[in-house]
$ cat data14.cif   # mmCIF, C-alpha atoms
data_coords
loop_
_atom_site.label_atom_id
_atom_site.label_comp_id
_atom_site.auth_asym_id
_atom_site.auth_seq_id
_atom_site.Cartn_x
_atom_site.Cartn_y
_atom_site.Cartn_z
CA MET A 1 17.60 57.34 7.89
CA ARG A 2 15.77 56.51 4.69
CA ARG A 3 18.16 53.65 3.98
CA LYS A 4 17.56 52.21 7.46
CA SER A 5 13.81 52.44 6.94
CA LEU A 6 14.08 50.68 3.57
CA ALA A 7 16.32 47.98 5.05
CA PHE A 8 13.89 47.45 7.93
CA ALA A 9 10.95 47.27 5.53
CA LEU A 10 12.80 44.78 3.33
CA SER A 11 13.71 42.64 6.34
CA LEU A 12 10.08 42.71 7.47
CA VAL A 13 8.88 41.60 4.01
CA ILE A 14 11.42 38.76 3.96
CA LEU A 15 10.42 37.69 7.49
CA CYS A 16 6.73 37.71 6.59
CA ALA A 17 7.47 35.68 3.45
CA LEU A 18 9.41 33.11 5.48
CA VAL A 19 6.64 32.86 8.08
CA PHE A 20 4.06 32.39 5.31
CA GLU A 21 6.22 29.78 3.61
CA LEU A 22 6.88 27.78 6.78
CA TYR A 23 3.45 28.13 8.42
CA PRO A 24 1.30 24.97 8.08
CA ARG A 25 -1.16 25.29 5.19
CA SER A 26 -4.85 24.54 5.38
CA SER A 27 -4.83 23.52 1.72
CA GLN A 28 -2.37 23.31 -1.14
CA GLU A 29 -2.60 22.48 -4.83
CA ILE A 30 -0.38 19.49 -5.67
CA ASP A 31 1.56 19.13 -8.92
CA LEU A 32 1.09 15.43 -9.65
CA SER A 33 4.03 15.27 -12.03
CA THR A 34 6.60 16.68 -9.59
CA GLY A 35 5.00 16.44 -6.14
CA ALA A 36 5.40 20.18 -5.63
CA GLY A 37 3.20 21.31 -2.77
CA ILE A 38 3.35 18.13 -0.69
CA SER A 39 6.11 19.44 1.57
CA LYS A 40 4.08 22.56 2.35
CA MET A 41 1.34 20.36 3.80
CA LEU A 42 3.32 17.54 5.44
CA ARG A 43 6.59 19.13 6.56
CA TYR A 44 5.53 19.07 10.22
CA GLU A 45 4.10 15.54 10.19
CA ASN A 46 6.08 12.95 12.12
CA ALA A 47 3.90 9.85 11.95
CA GLN A 48 5.16 6.29 12.01
CA VAL A 49 2.53 5.06 9.56
CA TYR A 50 1.20 7.03 6.58
CA LEU A 51 -1.89 5.65 4.83
CA PHE A 52 -3.61 6.78 1.63
CA GLY A 53 -7.10 5.69 0.56
CA GLU A 54 -7.48 5.64 -3.22
CA THR A 55 -9.59 4.45 -6.12
CA HIS A 56 -7.82 1.50 -7.73
CA ARG A 57 -6.27 1.63 -11.21
CA CYS A 58 -6.58 5.40 -11.61
CA THR A 59 -3.66 7.31 -13.13
CA GLU A 60 -4.00 10.46 -11.02
CA TYR A 61 -4.03 8.54 -7.75
CA GLN A 62 -0.95 6.58 -8.81
CA GLN A 63 0.85 9.79 -9.74
CA PHE A 64 0.04 11.24 -6.32
CA ARG A 65 1.17 8.00 -4.65
CA ASN A 66 4.52 8.12 -6.43
CA ALA A 67 5.17 11.74 -5.50
CA LEU A 68 4.00 11.24 -1.91
CA PHE A 69 6.02 8.07 -1.38
CA LYS A 70 9.24 9.62 -2.70
CA TYR A 71 8.74 12.59 -0.37
CA LEU A 72 8.10 10.33 2.63
CA VAL A 73 11.19 8.25 1.88
CA GLU A 74 13.49 11.21 1.35
CA LYS A 75 12.17 13.53 4.07
CA LYS A 76 10.34 11.38 6.65
CA GLY A 77 12.41 8.19 6.75
CA VAL A 78 9.72 5.80 5.49
CA ARG A 79 11.30 2.47 4.53
CA VAL A 80 8.40 0.00 4.21
CA LEU A 81 5.79 0.04 1.43
CA LEU A 82 2.58 -1.81 2.36
CA MET A 83 0.55 -3.12 -0.55
CA GLU A 84 -3.06 -4.22 -0.85
CA HIS A 85 -2.23 -7.59 -2.29
CA GLY A 86 -1.16 -10.97 -1.03
CA TYR A 87 2.08 -11.93 0.66
CA ALA A 88 3.41 -13.92 -2.32
CA SER A 89 3.01 -10.98 -4.71
CA GLY A 90 4.67 -8.61 -2.25
CA PHE A 91 7.52 -11.05 -1.66
CA LEU A 92 8.36 -11.34 -5.36
CA GLU A 93 8.14 -7.57 -5.81
CA ASN A 94 10.42 -7.10 -2.83
CA GLU A 95 12.99 -9.55 -4.18
CA THR A 96 13.04 -7.48 -7.37
CA VAL A 97 13.52 -4.08 -5.73
CA GLN A 98 16.16 -5.56 -3.41
CA ASN A 99 17.98 -6.45 -6.65
CA ARG A 100 18.09 -10.14 -5.73
CA LEU A 101 15.91 -10.67 -8.80
CA SER A 102 16.42 -8.72 -11.99
CA PHE A 103 13.36 -7.10 -13.53
CA ALA A 104 13.86 -9.39 -16.54
CA ASP A 105 14.07 -12.60 -14.47
CA GLU A 106 11.38 -15.22 -15.02
CA TYR A 107 10.04 -14.30 -11.56
CA GLY A 108 10.83 -10.57 -11.84
CA TYR A 109 8.70 -7.46 -12.14
CA ASP A 110 8.83 -7.40 -15.94
CA GLN A 111 6.42 -10.35 -15.85
CA PHE A 112 3.79 -8.50 -13.77
CA VAL A 113 0.87 -6.71 -15.44
CA VAL A 114 1.17 -3.15 -14.14
CA SER A 115 0.64 0.50 -15.05
CA LYS A 116 3.32 2.91 -16.22
CA GLU A 117 3.20 4.62 -12.82
CA ASP A 118 3.62 1.29 -11.00
CA TYR A 119 6.66 0.44 -13.10
CA GLU A 120 8.20 3.87 -12.53
CA LEU A 121 7.74 3.56 -8.76
CA TYR A 122 9.29 0.10 -8.53
CA SER A 123 12.19 1.14 -10.76
CA TRP A 124 12.78 4.13 -8.51
CA ILE A 125 12.75 1.90 -5.40
CA ALA A 126 15.24 -0.51 -7.00
CA ASP A 127 17.53 2.43 -7.87
CA TRP A 128 17.20 3.78 -4.32
CA ASN A 129 18.14 0.41 -2.82
CA SER A 130 21.15 -0.14 -5.05
CA GLY A 131 24.35 0.17 -3.01
CA ARG A 132 22.64 1.29 0.21
CA ASP A 133 23.05 -0.28 3.64
CA ALA A 134 20.31 -2.71 4.66
CA ALA A 135 18.83 -0.27 7.19
CA GLU A 136 18.32 2.34 4.47
CA LYS A 137 16.71 0.05 1.92
CA ILE A 138 13.00 0.13 1.12
CA SER A 139 11.10 -3.14 1.47
CA ILE A 140 7.71 -4.10 0.03
CA ILE A 141 5.15 -6.20 1.93
CA GLY A 142 1.76 -7.49 0.81
CA ILE A 143 -0.66 -7.74 3.75
CA ASP A 144 -3.89 -8.72 1.98
CA ILE A 145 -5.33 -12.16 1.23
CA THR A 146 -5.81 -11.58 -2.50
CA ASP A 147 -2.96 -13.64 -3.98
CA ASP A 148 -3.93 -15.64 -7.03
CA VAL A 149 -2.69 -19.20 -6.99
CA GLY A 150 -0.21 -18.47 -9.79
CA ASN A 151 1.75 -16.10 -7.56
CA ILE A 152 1.86 -18.68 -4.78
CA GLN A 153 3.14 -21.28 -7.24
CA THR A 154 5.79 -18.81 -8.42
CA LEU A 155 6.88 -18.07 -4.85
CA CYS A 156 7.19 -21.79 -4.09
CA GLN A 157 9.27 -22.47 -7.19
CA TYR A 158 11.48 -19.46 -6.50
CA LEU A 159 12.14 -20.56 -2.90
CA LEU A 160 12.77 -24.19 -3.86
CA LYS A 161 14.88 -23.74 -7.01
CA ASN A 162 18.33 -23.86 -5.35
CA HIS A 163 17.66 -26.05 -2.32
CA ASP A 164 18.73 -29.63 -1.62
CA PHE A 165 15.83 -31.84 -0.49
CA THR A 166 17.85 -34.89 0.61
CA GLY A 167 17.62 -34.02 4.31
CA ALA A 168 13.82 -34.34 4.26
CA ASP A 169 11.75 -37.52 4.34
CA THR A 170 10.70 -39.29 1.14
CA GLN A 171 7.16 -37.84 1.12
CA THR A 172 8.44 -34.28 1.48
CA GLN A 173 11.11 -34.81 -1.17
CA TRP A 174 8.53 -36.06 -3.64
CA LEU A 175 6.14 -33.14 -3.06
CA LEU A 176 8.79 -30.41 -3.22
CA THR A 177 10.39 -31.94 -6.32
CA ALA A 178 7.01 -32.14 -8.05
CA ILE A 179 6.32 -28.46 -7.29
CA ARG A 180 9.76 -27.32 -8.40
CA GLU A 181 9.56 -29.17 -11.72
CA GLN A 182 6.15 -27.84 -12.73
CA ASN A 183 5.85 -25.73 -15.89
CA PRO A 184 4.68 -22.30 -14.64
CA PHE A 185 3.16 -21.50 -18.04
CA SER A 186 0.92 -24.56 -18.13
CA SER A 187 -2.66 -23.91 -17.02
CA LEU A 188 -3.18 -27.64 -16.51
CA GLN A 189 -0.18 -27.86 -14.17
CA LEU A 190 -1.33 -24.73 -12.34
CA GLN A 191 -4.65 -26.48 -11.73
CA THR A 192 -2.74 -29.50 -10.38
CA PHE A 193 -0.81 -27.19 -8.06
CA GLN A 194 -4.02 -25.59 -6.80
CA GLU A 195 -6.05 -28.74 -6.33
CA LYS A 196 -3.35 -31.22 -5.30
CA PHE A 197 0.05 -29.81 -4.37
CA LEU A 198 -0.89 -26.65 -2.48
CA PRO A 199 -3.32 -28.40 -0.08
CA ARG A 200 -0.67 -31.05 0.56
CA LEU A 201 1.93 -28.35 1.16
CA ALA A 202 -0.37 -26.63 3.67
CA GLU A 203 -0.99 -29.95 5.41
CA LEU A 204 2.74 -30.67 5.48
CA TYR A 205 3.40 -27.33 7.13
CA GLN A 206 0.74 -28.05 9.76
CA THR A 207 1.82 -31.63 10.50
CA LYS A 208 5.56 -31.75 9.74
CA PRO A 209 6.94 -28.18 9.84
CA LYS A 210 10.43 -29.48 10.67
CA GLN A 211 10.59 -31.18 7.27
CA LEU A 212 10.13 -27.85 5.50
CA GLU A 213 12.54 -26.10 7.88
CA THR A 214 15.16 -28.75 7.06
CA VAL A 215 14.95 -27.70 3.42
CA LEU A 216 14.24 -23.96 3.60
CA GLY A 217 15.81 -22.94 6.92
CA THR A 218 15.01 -19.32 7.77
CA GLN A 219 13.15 -18.92 4.47
CA THR A 220 10.36 -21.14 5.80
CA VAL A 221 8.58 -18.07 7.18
CA TYR A 222 8.03 -16.77 3.63
CA LEU A 223 6.21 -19.95 2.69
CA GLU A 224 4.30 -19.88 5.99
CA ARG A 225 2.96 -16.36 5.36
CA ALA A 226 1.92 -17.21 1.80
CA ILE A 227 0.12 -20.40 2.89
CA LEU A 228 -1.62 -18.51 5.70
CA GLY A 229 -2.92 -15.93 3.23
CA TRP A 230 -4.18 -18.66 0.90
CA GLU A 231 -5.99 -20.46 3.73
CA GLU A 232 -7.56 -17.19 4.91
CA ALA A 233 -8.73 -16.45 1.35
CA GLN A 234 -10.51 -19.82 1.32
CA GLU A 235 -12.17 -18.97 4.62
CA GLN A 236 -13.28 -15.57 3.33
CA GLN A 237 -14.90 -17.21 0.32
CA ARG A 238 -16.70 -19.64 2.62
CA LEU A 239 -18.02 -16.76 4.73
CA LYS A 240 -19.26 -14.92 1.68
CA GLY A 241 -21.34 -17.92 0.72
CA GLU A 242 -23.32 -18.02 -2.47
CA THR A 243 -24.44 -14.37 -2.33
CA GLU A 244 -21.86 -11.67 -1.75
CA GLN A 245 -23.06 -8.99 0.65
CA LEU A 246 -21.18 -5.71 1.03
CA GLY A 247 -20.14 -5.34 4.63
CA GLY A 248 -21.01 -8.96 5.34
CA PRO A 249 -18.99 -11.60 7.22
CA GLY A 250 -16.51 -12.01 4.35
CA ASP A 251 -15.63 -8.32 4.32
CA VAL A 252 -15.35 -8.19 8.11
CA TYR A 253 -13.06 -11.21 8.04
CA ARG A 254 -10.83 -9.64 5.38
CA GLU A 255 -10.47 -6.43 7.42
CA ASN A 256 -9.41 -8.50 10.40
CA CYS A 257 -6.81 -10.28 8.25
CA LEU A 258 -5.42 -6.94 7.02
CA TYR A 259 -5.15 -5.73 10.61
CA GLU A 260 -3.54 -8.93 11.91
CA HIS A 261 -1.07 -9.13 9.02
CA PHE A 262 0.02 -5.54 9.45
CA MET A 263 0.43 -5.94 13.19
CA TRP A 264 2.55 -9.07 12.62
CA GLU A 265 4.82 -7.12 10.29
CA TYR A 266 4.91 -4.20 12.72
CA GLN A 267 6.08 -6.51 15.49
CA GLN A 268 8.99 -7.60 13.29
CA LYS A 269 9.99 -3.96 12.71
CA PRO A 270 8.47 -1.85 15.51
CA ASP A 271 10.78 1.09 14.85
CA ALA A 272 10.33 1.27 11.08
CA LYS A 273 8.24 3.89 9.29
CA TYR A 274 5.54 2.65 6.93
CA TYR A 275 3.52 3.88 3.98
CA GLY A 276 0.47 2.01 2.70
CA GLN A 277 -1.99 2.60 -0.11
CA PHE A 278 -5.35 0.87 -0.04
CA GLY A 279 -8.78 1.16 -1.58
CA GLY A 280 -10.70 3.95 0.09
CA ALA A 281 -13.16 1.49 1.64
CA HIS A 282 -10.37 0.11 3.86
CA VAL A 283 -9.20 3.54 5.04
CA LEU A 284 -12.50 4.68 6.51
CA MET A 285 -12.05 6.99 9.48
CA SER A 286 -15.51 8.58 9.55
CA ASP A 287 -18.43 8.67 7.12
CA TYR A 288 -19.25 11.77 5.09
CA SER A 289 -22.54 11.41 3.28
CA GLY A 290 -23.05 7.71 2.77
CA LYS A 291 -22.79 7.94 -1.03
CA LEU A 292 -19.85 5.54 -1.24
CA TYR A 293 -19.55 2.07 0.23
CA ARG A 294 -16.96 1.95 2.98
CA VAL A 295 -16.04 -0.96 5.22
CA GLN A 296 -17.25 -0.43 8.76
CA ASN A 297 -14.60 -0.91 11.46
CA SER A 298 -11.89 -0.91 8.81
CA PHE A 299 -8.41 -2.08 9.69
CA VAL A 300 -7.19 1.53 9.63
CA THR A 301 -9.86 2.52 12.15
CA ARG A 302 -8.66 -0.31 14.38
CA LEU A 303 -5.06 0.91 14.09
CA ALA A 304 -6.20 4.31 15.38
CA GLU A 305 -7.92 2.94 18.49
CA THR A 306 -6.56 3.96 21.86
CA ASP A 307 -5.45 0.47 22.87
CA THR A 308 -3.12 -0.07 19.88
CA PRO A 309 0.60 0.79 19.80
CA LEU A 310 -0.04 3.03 16.78
CA ASN A 311 -2.59 5.30 18.42
CA GLY A 312 -1.46 8.86 17.71
CA LYS A 313 1.18 7.65 15.21
CA LEU A 314 -0.99 7.59 12.07
CA THR A 315 -1.34 10.13 9.29
CA VAL A 316 -4.24 9.28 6.99
CA ILE A 317 -5.08 10.84 3.63
CA ASP A 318 -8.59 10.14 2.32
CA GLY A 319 -8.54 10.18 -1.47
CA CYS A 320 -12.10 8.99 -2.07
CA LEU A 321 -13.96 11.77 -0.29
CA THR A 322 -13.64 13.70 -3.56
CA PHE A 323 -16.38 11.51 -5.08
CA GLU A 324 -18.75 12.22 -2.22
CA ILE A 325 -18.12 15.97 -2.38
CA GLY A 326 -18.38 15.96 -6.17
CA ASP A 327 -17.44 18.38 -8.92
CA LEU A 328 -16.00 21.68 -7.68
CA GLY A 329 -16.33 23.38 -11.06
CA LYS A 330 -13.89 26.18 -10.38
CA SER A 331 -11.47 25.43 -13.21
CA ASP A 332 -11.32 23.62 -16.53
CA VAL A 333 -8.12 21.96 -15.28
CA ASN A 334 -8.64 18.89 -13.09
CA LYS A 335 -6.48 20.21 -10.26
CA ALA A 336 -5.59 18.09 -7.23
CA THR A 337 -5.70 19.87 -3.88
CA LEU A 338 -4.68 18.48 -0.50
CA TYR A 339 -6.71 19.76 2.46
CA ASN A 340 -6.00 19.58 6.19
CA THR A 341 -9.35 18.52 7.66
CA THR A 342 -8.75 20.20 11.02
CA ARG A 343 -7.72 23.52 9.50
CA ALA A 344 -9.66 23.88 6.24
CA GLY A 345 -13.30 23.80 5.28
CA PRO A 346 -14.32 21.98 2.09
CA PRO A 347 -14.67 24.22 -0.96
CA ILE A 348 -18.45 23.81 -1.12
CA HIS A 349 -21.17 26.41 -0.80
CA LYS A 350 -22.98 26.36 2.58
CA MET A 351 -20.72 23.72 4.13
CA ASN A 352 -18.13 24.37 6.78
CA LYS A 353 -16.80 20.94 7.64
CA PHE A 354 -15.50 17.88 5.84
CA TYR A 355 -17.35 15.31 7.93
CA MET A 356 -20.98 15.16 8.94
CA ASN A 357 -20.32 14.21 12.57
CA SER A 358 -18.47 17.25 13.88
CA SER A 359 -18.56 15.96 17.46
CA ALA A 360 -16.43 12.87 16.73
CA PRO A 361 -12.89 12.89 18.16
CA ASP A 362 -10.05 13.86 15.83
CA VAL A 363 -8.81 10.25 15.61
CA SER A 364 -12.09 9.39 13.84
CA TYR A 365 -11.13 11.60 10.91
CA ALA A 366 -8.55 11.37 8.18
CA GLN A 367 -6.15 14.23 8.83
CA TYR A 368 -6.01 15.08 5.12
CA VAL A 369 -8.25 14.72 2.08
CA LEU A 370 -7.24 14.86 -1.59
CA LEU A 371 -9.88 16.54 -3.74
CA PHE A 372 -9.95 16.75 -7.51
CA GLU A 373 -11.63 19.57 -9.35
CA HIS A 374 -13.55 17.12 -11.54
CA PRO A 375 -13.46 13.65 -9.95
CA ASP A 376 -15.59 12.10 -12.69
CA ALA A 377 -12.89 13.05 -15.22
CA LEU A 378 -10.15 10.94 -13.62
CA THR A 379 -8.50 8.55 -16.05
CA ALA A 380 -8.21 4.77 -15.92
CA ALA A 381 -4.61 3.53 -15.84
CA LYS A 382 -3.41 1.47 -18.80
CA GLU A 383 -1.84 -1.82 -17.75
CA TYR A 384 0.64 -4.00 -19.60
CA THR A 385 3.51 -6.25 -18.59
CA GLY A 386 6.49 -4.55 -17.00
CA SER A 387 8.61 -5.47 -20.01
CA TYR A 388 6.31 -3.31 -22.15
CA TRP A 389 6.87 -0.23 -20.00
CA LYS A 390 10.60 -0.79 -20.03
CA TYR A 391 10.63 0.19 -23.68
CA HIS A 392 7.68 2.61 -23.75
#
$ encode --input "data14.cif" --output "structure tokens"
Amino acid sequence: MRRKSLAFALSLVILCALVFELYPRSSQEIDLSTGAGISKMLRYENAQVYLFGETHRCTEYQQFRNALFKYLVEKKGVRVLLMEHGYASGFLENETVQNRLSFADEYGYDQFVVSKEDYELYSWIADWNSGRDAAEKISIIGIDITDDVGNIQTLCQYLLKNHDFTGADTQTQWLLTAIREQNPFSSLQLQTFQEKFLPRLAELYQTKPKQLETVLGTQTVYLERAILGWEEAQEQQRLKGETEQLGGPGDVYRENCLYEHFMWEYQQKPDAKYYGQFGGAHVLMSDYSGKLYRVQNSFVTRLAETDTPLNGKLTVIDGCLTFEIGDLGKSDVNKATLYNTTRAGPPIHKMNKFYMNSSAPDVSYAQYVLLFEHPDALTAAKEYTGSYWKYH
């Protein structure tokens, strides 16, 4: 009888432990080096798009990104990484992780100025992609309008390097040959590309697209997207005018570009699962205290609206709320804790909600927030060329 009682008690303890382990958590400390704890918070999420709002060039955010992205790839089927930079940059990064470019190639990732965490992530993606079927490979896409002209020049030279121009007219042949033969390390020739060749290339695409298609075939779309981003960047600068105003026409225009670019990519792959990391200002779901600048009607807010195909398919993690909440002061260690905003209250005296407007619908909130014990102690990421990190 005693043995049966002990066995029953043991079974009950094991059952309770399993229930506790599998029950969704309201908060969980995250080990940034291993990602331990992420699965306890996100195991029941089944979103199509996962978005994380961060502070740029911060080591701890990049460590969290790496751990989160690996988990989403391995456990949630995410296969597209959205980046807050221009199409040309994303294209060259994607060519590298698809192993069509080596990291050491003149156009490869070793030439980019990046952090150690960036280099580790891209190396991991390249290793993941190696030998896998196309459907299982991870692709990288830049959806912003922030390409510098050097990256656009590099993309053009990479696309043109192995093509025959003889099928195009004389004017097109001359322009494409001149671009291909430029020295990418010459600042004077880069200026010529920016002021002379790139505007002519954009005009050629607008007036004689068939000439470019004759040369590039299906690769023409890559050039089209890069040129579009460059033209939109010029328009944003025009809207900003002489005095830059936060939240002004230039910022509104950029948010619209982010939204339109993502939706274009989504239409190409409507069944894919996506992960994107952007500055916290672009991932605004609802305001907290007004201490930090956030873009109103951000592109992420627009994705969550009821009339979009992604309504109800987003999981958003706000990583910048930690600065508005401030120092928690509970530990000397700068712990990172992930909170579920619908289940947990913020760890602050006399506050029982994460967001000031408690009457707003759930879609107006980020579903999760990442809080650091001491947000002011976060460290700036060191950045060098990829070739440096290869050997360090």
$ resolve_selection --input "data14.cif" --expression "the PyMOL selection byres ((chain A and resi 138) around 6)" --output "count of residues only"
4
$ residues_around --input "data14.cif" --residues "stretch 218-230 of chain A" --least-positions-apart "3" --cutoff "7 Å" --atoms "all atoms listed in the file" --output "number ranges by chain"
A: 86-88, 145, 152, 202, 212-213, 233-234
$ atom_distance --input "data14.cif" --atom1 "atom CA of A:Met83" --atom2 "atom CA of A:Asn99"
18.8 Å
$ resolve_selection --input "data14.cif" --expression "the PyMOL selection byres ((chain A and resi 39-54) around 7)" --output "short mmCIF file (atom, residue, chain, number, x, y, z; two decimals) with C-alpha atoms, in the frame of the given file"
data_model
loop_
_atom_site.label_atom_id
_atom_site.label_comp_id
_atom_site.auth_asym_id
_atom_site.auth_seq_id
_atom_site.Cartn_x
_atom_site.Cartn_y
_atom_site.Cartn_z
CA PRO A 24 1.30 24.97 8.08
CA ARG A 25 -1.16 25.29 5.19
CA GLN A 28 -2.37 23.31 -1.14
CA GLY A 37 3.20 21.31 -2.77
CA ILE A 38 3.35 18.13 -0.69
CA THR A 55 -9.59 4.45 -6.12
CA HIS A 56 -7.82 1.50 -7.73
CA TYR A 61 -4.03 8.54 -7.75
CA LYS A 273 8.24 3.89 9.29
CA TYR A 274 5.54 2.65 6.93
CA TYR A 275 3.52 3.88 3.98
CA GLY A 276 0.47 2.01 2.70
CA GLN A 277 -1.99 2.60 -0.11
CA PHE A 278 -5.35 0.87 -0.04
CA GLY A 279 -8.78 1.16 -1.58
CA GLY A 280 -10.70 3.95 0.09
CA VAL A 283 -9.20 3.54 5.04
CA LYS A 313 1.18 7.65 15.21
CA LEU A 314 -0.99 7.59 12.07
CA THR A 315 -1.34 10.13 9.29
CA VAL A 316 -4.24 9.28 6.99
CA ILE A 317 -5.08 10.84 3.63
CA ASP A 318 -8.59 10.14 2.32
CA GLY A 319 -8.54 10.18 -1.47
CA CYS A 320 -12.10 8.99 -2.07
#
$ closest_residue --input "data14.cif" --among "A:Asn297, A:Thr306, A:Thr154, A:Gln191" --to "A:Gly248" --atoms "all atoms listed in the file"
A:Asn297
$ axis_aligned_box --input "data14.cif" --around "stretch 118-136 of chain A" --padding-each-side "6 Å" --output "AutoDock Vina command-line options"
--center_x 14.0 --center_y 0.7 --center_z -3.0 --size_x 32.7 --size_y 18.8 --size_z 32.3
$ atom_distance --input "data14.cif" --atom1 "atom CA of A:Tyr365" --atom2 "atom CA of A:Ser298"
12.7 Å
$ resolve_selection --input "data14.cif" --expression "the PyMOL selection byres ((chain A and resi 249-262) around 9)" --output "PyMOL selection string"
chain A and resi 82+84+142-145+229+232-233+235-241+244-248+263-267+282+295-300+302-303
$ write_last_selection --input "data14.cif" --atoms "C-alpha atoms" --output "short mmCIF file (atom, residue, chain, number, x, y, z; two decimals), in the coordinates of the input"
data_model
loop_
_atom_site.label_atom_id
_atom_site.label_comp_id
_atom_site.auth_asym_id
_atom_site.auth_seq_id
_atom_site.Cartn_x
_atom_site.Cartn_y
_atom_site.Cartn_z
CA LEU A 82 2.58 -1.81 2.36
CA GLU A 84 -3.06 -4.22 -0.85
CA GLY A 142 1.76 -7.49 0.81
CA ILE A 143 -0.66 -7.74 3.75
CA ASP A 144 -3.89 -8.72 1.98
CA ILE A 145 -5.33 -12.16 1.23
CA GLY A 229 -2.92 -15.93 3.23
CA GLU A 232 -7.56 -17.19 4.91
CA ALA A 233 -8.73 -16.45 1.35
CA GLU A 235 -12.17 -18.97 4.62
CA GLN A 236 -13.28 -15.57 3.33
CA GLN A 237 -14.90 -17.21 0.32
CA ARG A 238 -16.70 -19.64 2.62
CA LEU A 239 -18.02 -16.76 4.73
CA LYS A 240 -19.26 -14.92 1.68
CA GLY A 241 -21.34 -17.92 0.72
CA GLU A 244 -21.86 -11.67 -1.75
CA GLN A 245 -23.06 -8.99 0.65
CA LEU A 246 -21.18 -5.71 1.03
CA GLY A 247 -20.14 -5.34 4.63
CA GLY A 248 -21.01 -8.96 5.34
CA MET A 263 0.43 -5.94 13.19
CA TRP A 264 2.55 -9.07 12.62
CA GLU A 265 4.82 -7.12 10.29
CA TYR A 266 4.91 -4.20 12.72
CA GLN A 267 6.08 -6.51 15.49
CA HIS A 282 -10.37 0.11 3.86
CA VAL A 295 -16.04 -0.96 5.22
CA GLN A 296 -17.25 -0.43 8.76
CA ASN A 297 -14.60 -0.91 11.46
CA SER A 298 -11.89 -0.91 8.81
CA PHE A 299 -8.41 -2.08 9.69
CA VAL A 300 -7.19 1.53 9.63
CA ARG A 302 -8.66 -0.31 14.38
CA LEU A 303 -5.06 0.91 14.09
#
$ atom_distance --input "data14.cif" --atom1 "atom CA of A:Thr322" --atom2 "atom CA of A:Ala381"
18.3 Å
$ residues_around --input "data14.cif" --residues "A:Lys335" --least-positions-apart "4" --cutoff "8 Å" --atoms "all atoms listed in the file" --output "count of residues only"
6
$ residues_around --input "data14.cif" --residues "A:Leu190" --least-positions-apart "4" --cutoff "8 Å" --atoms "all atoms listed in the file" --output "ChimeraX atom specification"
/A:149-150,153,184-186,194
$ closest_residue --input "data14.cif" --among "A:Gln206, A:Thr192, A:Thr59, A:Thr337" --to "A:Lys116" --atoms "only C-alpha atoms"
A:Thr59
$ closest_residue --input "data14.cif" --among "A:Glu324, A:Glu136, A:Asp31, A:Glu95" --to "A:Ala272" --atoms "all atoms listed in the file"
A:Glu136
$ residues_near_point --input "data14.cif" --point "(-9.9, 0.5, -16.0)" --cutoff "8 Å" --atoms "all atoms listed in the file" --output "list of chain:residue names"
A:Arg57, A:Cys58, A:Ala380, A:Ala381, A:Lys382
$ closest_residue --input "data14.cif" --among "A:Tyr339, A:Leu101, A:Gly131, A:Ser27" --to "A:Ala366" --atoms "only C-alpha atoms"
A:Tyr339
$ residues_around --input "data14.cif" --residues "A:Val113" --least-positions-apart "2" --cutoff "9 Å" --atoms "only C-alpha atoms" --output "ChimeraX atom specification"
/A:109-111,115,383-386
$ write_last_selection --input "data14.cif" --atoms "C-alpha atoms" --output "short mmCIF file (atom, residue, chain, number, x, y, z; two decimals), in the coordinates of the input"
data_model
loop_
_atom_site.label_atom_id
_atom_site.label_comp_id
_atom_site.auth_asym_id
_atom_site.auth_seq_id
_atom_site.Cartn_x
_atom_site.Cartn_y
_atom_site.Cartn_z
CA TYR A 109 8.70 -7.46 -12.14
CA ASP A 110 8.83 -7.40 -15.94
CA GLN A 111 6.42 -10.35 -15.85
CA SER A 115 0.64 0.50 -15.05
CA GLU A 383 -1.84 -1.82 -17.75
CA TYR A 384 0.64 -4.00 -19.60
CA THR A 385 3.51 -6.25 -18.59
CA GLY A 386 6.49 -4.55 -17.00
#
$ residues_near_point --input "data14.cif" --point "(3.3, -27.2, -6.8)" --cutoff "6 Å" --atoms "only C-alpha atoms" --output "PyMOL selection string"
chain A and resi 153+179+193+197
$ closest_residue --input "data14.cif" --among "A:Pro199, A:Pro375, A:Gly217, A:Gly326" --to "A:Leu160" --atoms "all atoms listed in the file"
A:Gly217
$ residues_around --input "data14.cif" --residues "stretch 62-70 of chain A" --least-positions-apart "3" --cutoff "6 Å" --atoms "all atoms listed in the file" --output "ChimeraX atom specification"
/A:32,35,59,73
$ closest_residue --input "data14.cif" --among "A:Gln157, A:Asn162, A:Pro209, A:Ile141" --to "A:Glu181" --atoms "only C-alpha atoms"
A:Gln157
